[in-house]
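Text of the file query-v3.cif, holding mmCIF, C-alpha atoms; chains and numbers go by the auth columns:
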```
data_run
loop_
_atom_site.group_PDB
_atom_site.id
_atom_site.type_symbol
_atom_site.label_atom_id
_atom_site.label_comp_id
_atom_site.label_asym_id
_atom_site.label_seq_id
_atom_site.Cartn_x
_atom_site.Cartn_y
_atom_site.Cartn_z
_atom_site.B_iso_or_equiv
_atom_site.auth_seq_id
_atom_site.auth_asym_id
ATOM 1 C CA MET A 1 -57.012 36.460 -85.860 0.00 1 A
ATOM 2 C CA ILE A 2 -59.571 33.793 -86.558 0.00 2 A
ATOM 3 C CA THR A 3 -60.236 31.115 -83.956 0.00 3 A
ATOM 4 C CA VAL A 4 -62.571 28.172 -84.284 0.00 4 A
ATOM 5 C CA VAL A 5 -63.630 27.106 -80.787 0.00 5 A
ATOM 6 C CA GLN A 6 -65.189 23.705 -80.178 0.00 6 A
ATOM 7 C CA ARG A 7 -66.681 22.437 -76.929 0.00 7 A
ATOM 8 C CA VAL A 8 -65.238 18.961 -76.534 0.00 8 A
ATOM 9 C CA GLY A 9 -65.541 15.938 -74.277 0.00 9 A
ATOM 10 C CA TRP A 10 -61.869 15.299 -75.070 0.00 10 A
ATOM 11 C CA ALA A 11 -59.288 16.258 -77.679 0.00 11 A
ATOM 12 C CA ARG A 12 -55.756 15.295 -78.562 0.00 12 A
ATOM 13 C CA VAL A 13 -53.158 16.216 -81.145 0.00 13 A
ATOM 14 C CA SER A 14 -50.451 13.903 -82.480 0.00 14 A
ATOM 15 C CA VAL A 15 -47.359 14.337 -84.614 0.00 15 A
ATOM 16 C CA ASP A 16 -45.818 11.265 -86.280 0.00 16 A
ATOM 17 C CA GLY A 17 -48.030 9.000 -84.169 0.00 17 A
ATOM 18 C CA ASP A 18 -46.982 10.550 -80.841 0.00 18 A
ATOM 19 C CA CYS A 19 -49.569 12.394 -78.750 0.00 19 A
ATOM 20 C CA ILE A 20 -48.073 15.803 -77.976 0.00 20 A
ATOM 21 C CA GLY A 21 -51.086 17.463 -76.353 0.00 21 A
ATOM 22 C CA ALA A 22 -54.390 16.328 -74.887 0.00 22 A
ATOM 23 C CA ILE A 23 -57.279 17.541 -72.746 0.00 23 A
ATOM 24 C CA GLU A 24 -60.359 16.015 -71.263 0.00 24 A
ATOM 25 C CA ARG A 25 -63.525 18.134 -71.187 0.00 25 A
ATOM 26 C CA GLY A 26 -62.907 21.665 -72.373 0.00 26 A
ATOM 27 C CA LEU A 27 -62.257 23.738 -75.487 0.00 27 A
ATOM 28 C CA LEU A 28 -60.370 22.878 -78.659 0.00 28 A
ATOM 29 C CA LEU A 29 -59.074 26.027 -80.365 0.00 29 A
ATOM 30 C CA PHE A 30 -57.883 26.219 -83.953 0.00 30 A
ATOM 31 C CA VAL A 31 -56.028 29.552 -84.205 0.00 31 A
ATOM 32 C CA GLY A 32 -55.351 31.240 -87.547 0.00 32 A
ATOM 33 C CA VAL A 33 -53.056 34.267 -87.484 0.00 33 A
ATOM 34 C CA GLU A 34 -53.441 36.800 -90.291 0.00 34 A
ATOM 35 C CA HIS A 35 -51.486 39.824 -91.539 0.00 35 A
ATOM 36 C CA GLY A 36 -51.977 42.709 -89.143 0.00 36 A
ATOM 37 C CA ASP A 37 -52.590 40.586 -86.047 0.00 37 A
ATOM 38 C CA THR A 38 -50.751 41.780 -82.935 0.00 38 A
ATOM 39 C CA ASP A 39 -50.244 40.918 -79.279 0.00 39 A
ATOM 40 C CA ALA A 40 -53.514 42.775 -78.636 0.00 40 A
ATOM 41 C CA SER A 41 -55.313 40.366 -80.980 0.00 41 A
ATOM 42 C CA ALA A 42 -53.892 37.344 -79.150 0.00 42 A
ATOM 43 C CA ASP A 43 -54.742 38.839 -75.750 0.00 43 A
ATOM 44 C CA ALA A 44 -58.321 39.670 -76.773 0.00 44 A
ATOM 45 C CA THR A 45 -58.759 36.178 -78.210 0.00 45 A
ATOM 46 C CA ALA A 46 -57.586 34.520 -74.991 0.00 46 A
ATOM 47 C CA LYS A 47 -59.700 36.836 -72.833 0.00 47 A
ATOM 48 C CA LYS A 48 -62.860 36.092 -74.831 0.00 48 A
ATOM 49 C CA VAL A 49 -62.215 32.333 -74.902 0.00 49 A
ATOM 50 C CA ALA A 50 -61.556 32.201 -71.145 0.00 50 A
ATOM 51 C CA ALA A 51 -64.865 33.983 -70.449 0.00 51 A
ATOM 52 C CA LEU A 52 -66.912 32.181 -73.125 0.00 52 A
ATOM 53 C CA ARG A 53 -69.970 30.569 -71.574 0.00 53 A
ATOM 54 C CA VAL A 54 -70.673 27.470 -73.661 0.00 54 A
ATOM 55 C CA PHE A 55 -71.026 24.718 -71.040 0.00 55 A
ATOM 56 C CA PRO A 56 -74.414 23.666 -69.663 0.00 56 A
ATOM 57 C CA ASP A 57 -75.731 24.300 -66.177 0.00 57 A
ATOM 58 C CA ARG A 58 -79.099 25.951 -65.632 0.00 58 A
ATOM 59 C CA THR A 59 -79.157 26.772 -69.338 0.00 59 A
ATOM 60 C CA PRO A 60 -77.435 24.986 -72.243 0.00 60 A
ATOM 61 C CA MET A 61 -74.760 27.713 -72.451 0.00 61 A
ATOM 62 C CA ASP A 62 -74.162 28.889 -68.910 0.00 62 A
ATOM 63 C CA LEU A 63 -70.627 28.125 -67.672 0.00 63 A
ATOM 64 C CA SER A 64 -67.087 28.977 -68.782 0.00 64 A
ATOM 65 C CA VAL A 65 -64.277 26.459 -69.234 0.00 65 A
ATOM 66 C CA ALA A 66 -62.772 27.565 -65.903 0.00 66 A
ATOM 67 C CA GLN A 67 -66.091 27.038 -64.111 0.00 67 A
ATOM 68 C CA ILE A 68 -66.241 23.405 -65.241 0.00 68 A
ATOM 69 C CA GLY A 69 -62.560 22.771 -64.452 0.00 69 A
ATOM 70 C CA GLY A 70 -61.828 22.117 -68.120 0.00 70 A
ATOM 71 C CA GLY A 71 -58.753 22.635 -70.258 0.00 71 A
ATOM 72 C CA CYS A 72 -57.873 24.155 -73.617 0.00 72 A
ATOM 73 C CA LEU A 73 -56.057 22.498 -76.500 0.00 73 A
ATOM 74 C CA VAL A 74 -54.643 25.232 -78.738 0.00 74 A
ATOM 75 C CA VAL A 75 -53.668 24.264 -82.286 0.00 75 A
ATOM 76 C CA SER A 76 -52.241 26.594 -84.920 0.00 76 A
ATOM 77 C CA GLN A 77 -54.162 26.450 -88.201 0.00 77 A
ATOM 78 C CA PHE A 78 -53.051 28.873 -90.909 0.00 78 A
ATOM 79 C CA THR A 79 -55.654 27.440 -93.302 0.00 79 A
ATOM 80 C CA LEU A 80 -58.316 29.494 -91.498 0.00 80 A
ATOM 81 C CA ALA A 81 -56.918 32.470 -93.418 0.00 81 A
ATOM 82 C CA ALA A 82 -57.819 30.865 -96.751 0.00 82 A
ATOM 83 C CA GLU A 83 -59.484 32.980 -99.408 0.00 83 A
ATOM 84 C CA LEU A 84 -61.918 30.991 -101.558 0.00 84 A
ATOM 85 C CA ARG A 85 -63.560 33.617 -103.780 0.00 85 A
ATOM 86 C CA HIS A 86 -61.526 32.910 -106.907 0.00 86 A
ATOM 87 C CA GLY A 87 -60.851 29.508 -108.412 0.00 87 A
ATOM 88 C CA ASN A 88 -60.886 26.211 -106.571 0.00 88 A
ATOM 89 C CA ARG A 89 -57.517 26.266 -104.866 0.00 89 A
ATOM 90 C CA PRO A 90 -57.383 28.102 -101.508 0.00 90 A
ATOM 91 C CA ASP A 91 -55.238 31.241 -101.446 0.00 91 A
ATOM 92 C CA PHE A 92 -53.352 31.662 -98.162 0.00 92 A
ATOM 93 C CA GLY A 93 -52.039 35.159 -98.879 0.00 93 A
ATOM 94 C CA ALA A 94 -53.816 36.558 -95.800 0.00 94 A
ATOM 95 C CA ALA A 95 -51.957 34.206 -93.433 0.00 95 A
ATOM 96 C CA ALA A 96 -49.209 35.820 -91.381 0.00 96 A
ATOM 97 C CA ALA A 97 -45.614 34.724 -91.926 0.00 97 A
ATOM 98 C CA PRO A 98 -44.477 31.965 -89.558 0.00 98 A
ATOM 99 C CA THR A 99 -42.121 34.355 -87.730 0.00 99 A
ATOM 100 C CA ILE A 100 -45.159 36.447 -86.772 0.00 100 A
ATOM 101 C CA ALA A 101 -47.774 33.703 -86.484 0.00 101 A
ATOM 102 C CA GLU A 102 -45.949 31.347 -84.123 0.00 102 A
ATOM 103 C CA PRO A 103 -45.371 33.849 -81.296 0.00 103 A
ATOM 104 C CA LEU A 104 -48.973 35.080 -81.527 0.00 104 A
ATOM 105 C CA TYR A 105 -50.414 31.564 -81.476 0.00 105 A
ATOM 106 C CA LEU A 106 -48.221 30.759 -78.465 0.00 106 A
ATOM 107 C CA ARG A 107 -49.316 34.012 -76.809 0.00 107 A
ATOM 108 C CA VAL A 108 -52.947 32.878 -76.976 0.00 108 A
ATOM 109 C CA ALA A 109 -51.959 29.664 -75.175 0.00 109 A
ATOM 110 C CA GLU A 110 -49.832 31.558 -72.618 0.00 110 A
ATOM 111 C CA GLN A 111 -52.604 34.044 -71.852 0.00 111 A
ATOM 112 C CA LEU A 112 -55.086 31.203 -71.296 0.00 112 A
ATOM 113 C CA SER A 113 -52.591 29.590 -68.932 0.00 113 A
ATOM 114 C CA THR A 114 -52.077 32.910 -67.136 0.00 114 A
ATOM 115 C CA ALA A 115 -55.869 33.042 -66.685 0.00 115 A
ATOM 116 C CA GLY A 116 -55.557 29.820 -64.673 0.00 116 A
ATOM 117 C CA LEU A 117 -56.587 27.307 -67.334 0.00 117 A
ATOM 118 C CA ARG A 118 -54.858 24.030 -68.076 0.00 118 A
ATOM 119 C CA VAL A 119 -53.487 24.383 -71.606 0.00 119 A
ATOM 120 C CA ALA A 120 -51.990 21.946 -74.105 0.00 120 A
ATOM 121 C CA THR A 121 -50.759 22.851 -77.577 0.00 121 A
ATOM 122 C CA GLY A 122 -49.988 21.384 -80.943 0.00 122 A
ATOM 123 C CA ARG A 123 -46.656 21.896 -82.689 0.00 123 A
ATOM 124 C CA PHE A 124 -46.446 24.962 -84.891 0.00 124 A
ATOM 125 C CA GLY A 125 -45.749 24.153 -88.540 0.00 125 A
ATOM 126 C CA ALA A 126 -46.018 20.386 -88.082 0.00 126 A
ATOM 127 C CA SER A 127 -48.355 18.048 -89.899 0.00 127 A
ATOM 128 C CA MET A 128 -50.711 17.192 -87.036 0.00 128 A
ATOM 129 C CA GLN A 129 -53.529 14.760 -86.538 0.00 129 A
ATOM 130 C CA VAL A 130 -56.246 16.204 -84.324 0.00 130 A
ATOM 131 C CA GLU A 131 -58.875 13.975 -82.763 0.00 131 A
ATOM 132 C CA SER A 132 -61.780 15.198 -80.689 0.00 132 A
ATOM 133 C CA CYS A 133 -65.248 14.455 -79.439 0.00 133 A
ATOM 134 C CA ASN A 134 -67.232 17.617 -80.215 0.00 134 A
ATOM 135 C CA ASP A 135 -69.761 17.978 -77.416 0.00 135 A
ATOM 136 C CA GLY A 136 -73.157 19.253 -78.500 0.00 136 A
ATOM 137 C CA PRO A 137 -71.929 19.787 -81.156 0.00 137 A
ATOM 138 C CA VAL A 138 -70.903 23.316 -80.200 0.00 138 A
ATOM 139 C CA THR A 139 -68.563 25.137 -82.571 0.00 139 A
ATOM 140 C CA VAL A 140 -68.178 28.921 -82.738 0.00 140 A
ATOM 141 C CA VAL A 141 -65.969 31.219 -84.772 0.00 141 A
ATOM 142 C CA LEU A 142 -64.207 34.110 -83.030 0.00 142 A
ATOM 143 C CA THR A 143 -62.680 36.891 -85.114 0.00 143 A
ATOM 144 C CA VAL A 144 -60.463 39.566 -83.554 0.00 144 A
ATOM 145 C CA ARG A 145 -59.046 42.590 -85.372 0.00 145 A
ATOM 146 C CA ASP A 146 -56.904 45.288 -83.776 0.00 146 A
ATOM 147 C CA GLY A 147 -57.471 43.799 -80.337 0.00 147 A
ATOM 148 C CA ARG A 148 -61.272 43.880 -80.620 0.00 148 A
ATOM 149 C CA VAL A 149 -63.806 41.128 -81.201 0.00 149 A
ATOM 150 C CA VAL A 150 -65.456 41.596 -84.586 0.00 150 A
ATOM 151 C CA GLY A 151 -69.072 40.617 -85.140 0.00 151 A
ATOM 152 C CA ARG A 152 -70.262 38.608 -88.086 0.00 152 A
ATOM 153 C CA PRO A 153 -71.676 40.551 -91.005 0.00 153 A
ATOM 154 C CA ALA A 154 -75.459 40.525 -91.047 0.00 154 A
ATOM 155 C CA PRO A 155 -76.932 38.313 -93.767 0.00 155 A
ATOM 156 C CA ALA A 156 -78.582 40.107 -96.664 0.00 156 A
ATOM 157 C CA ARG A 157 -82.333 40.361 -96.331 0.00 157 A
ATOM 158 C CA PRO A 158 -84.437 39.138 -99.220 0.00 158 A
ATOM 159 C CA THR A 159 -85.794 41.891 -101.437 0.00 159 A
ATOM 160 C CA ASN A 160 -89.362 40.897 -102.232 0.00 160 A
#
```
Please lay out the structure from this file as structure tokens.
Amino acid sequence: MITVVQRVGWARVSVDGDCIGAIERGLLLFVGVEHGDTDASADATAKKVAALRVFPDRTPMDLSVAQIGGGCLVVSQFTLAAELRHGNRPDFGAAAAPTIAEPLYLRVAEQLSTAGLRVATGRFGASMQVESCNDGPVTVVLTVRDGRVVGRPAPARPTN
């Protein structure tokens, strides 16, 4: 599961010109579900997001979304599973089938709500327009595999 998390001053999602979900200050999550993702992946994603300290206090990244009384807007985005190594057209073969992806995306939102956060969502499978005011800007990528947060691969060191 790949989730792009943005710290926002506000965010909203619309379908056919109608706003279907909105938050004020908080986190905008774009959630991409891939083959092999499970309930454990969704639960670990929600747990990490709920505890993520990206709001300023004594330091620029000190408080969680709950500590600032913020909300979460959770939007499904299968395009995060795109493979770009070959050719110029994205390959979405790693994206989970809708019958698997929708319940897992909704589980992320439900787990955030269970953690006491105000949560709004997009509409799975719809063509959505997402508007936001990225605060900072702060944008982080969270990857979870088998219920565990996966670190980024270390960049190659120059060989001089």
So what do you get for atom CA of A:Val108 versus atom CA of A:Val149, distance-wise? 14.3 Å
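This file, filtered with the PyMOL selection byres ((chain A and resi 83-97) around 8), gives the residues Gly32, Val33, Glu34, His35, Gly36, Asp37, Phe78, Thr79, Ala81, Ala82, Pro98, Thr99, Ile100 and Ala101 of chain A.
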Within 12 Å of A:Gly151, counting all atoms listed in the file, which residues show up once you throw out same-chain ones fewer than 5 positions away? Write them as a ChimeraX atom specification, please. /A:2,140-145
Can you pull out every residue within 8 Å of A:Leu117, counting all atoms listed in the file, but drop anything in the same chain fewer than 3 positions away, and send it as a ChimeraX atom specification? /A:50,65-66,70-72,112-114
Since we have the selection now, will you write its residues out, keeping C-alpha atoms, as an mmCIF file, in the coordinates of the input?
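The new file out-v4.cif reads:
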```
data_model
loop_
_atom_site.group_PDB
_atom_site.id
_atom_site.type_symbol
_atom_site.label_atom_id
_atom_site.label_comp_id
_atom_site.auth_asym_id
_atom_site.auth_seq_id
_atom_site.Cartn_x
_atom_site.Cartn_y
_atom_site.Cartn_z
ATOM 1 C CA ALA A 50 -61.556 32.201 -71.145
ATOM 2 C CA VAL A 65 -64.277 26.459 -69.234
ATOM 3 C CA ALA A 66 -62.772 27.565 -65.903
ATOM 4 C CA GLY A 70 -61.828 22.117 -68.120
ATOM 5 C CA GLY A 71 -58.753 22.635 -70.258
ATOM 6 C CA CYS A 72 -57.873 24.155 -73.617
ATOM 7 C CA LEU A 112 -55.086 31.203 -71.296
ATOM 8 C CA SER A 113 -52.591 29.590 -68.932
ATOM 9 C CA THR A 114 -52.077 32.910 -67.136
#
```
Check the smallest atom-to-atom distance from each of A:Ala126, A:Val138, A:Val5, A:Leu106 to A:Lys48 using all atoms listed in the file, then report the winner. A:Val5
Tell me which of A:Val54, A:Ser41, A:Ile68, A:Val75 sits closest to A:Glu131, counting only C-alpha atoms. A:Val75
With the PyMOL selection byres ((chain A and resi 11) around 6) as the selection, what would be picked from this file? Answer as a list in words, please. Trp10, Arg12, Ala22, Ile23, Glu131 and Ser132 of chain A
Which of these, A:Met61, A:Met128, A:Ala109, A:Val150, has the shortest distance to A:Ser14 once you count only C-alpha atoms? A:Met128
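Atom CA of A:Pro137 to atom CA of A:Gly69 spans 19.4 Å [interatomic distance, one decimal].
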A:Val8, A:Leu73, A:Lys47, A:Asp39 ranked by distance to A:Gly21, top pick (using only C-alpha atoms): A:Leu73
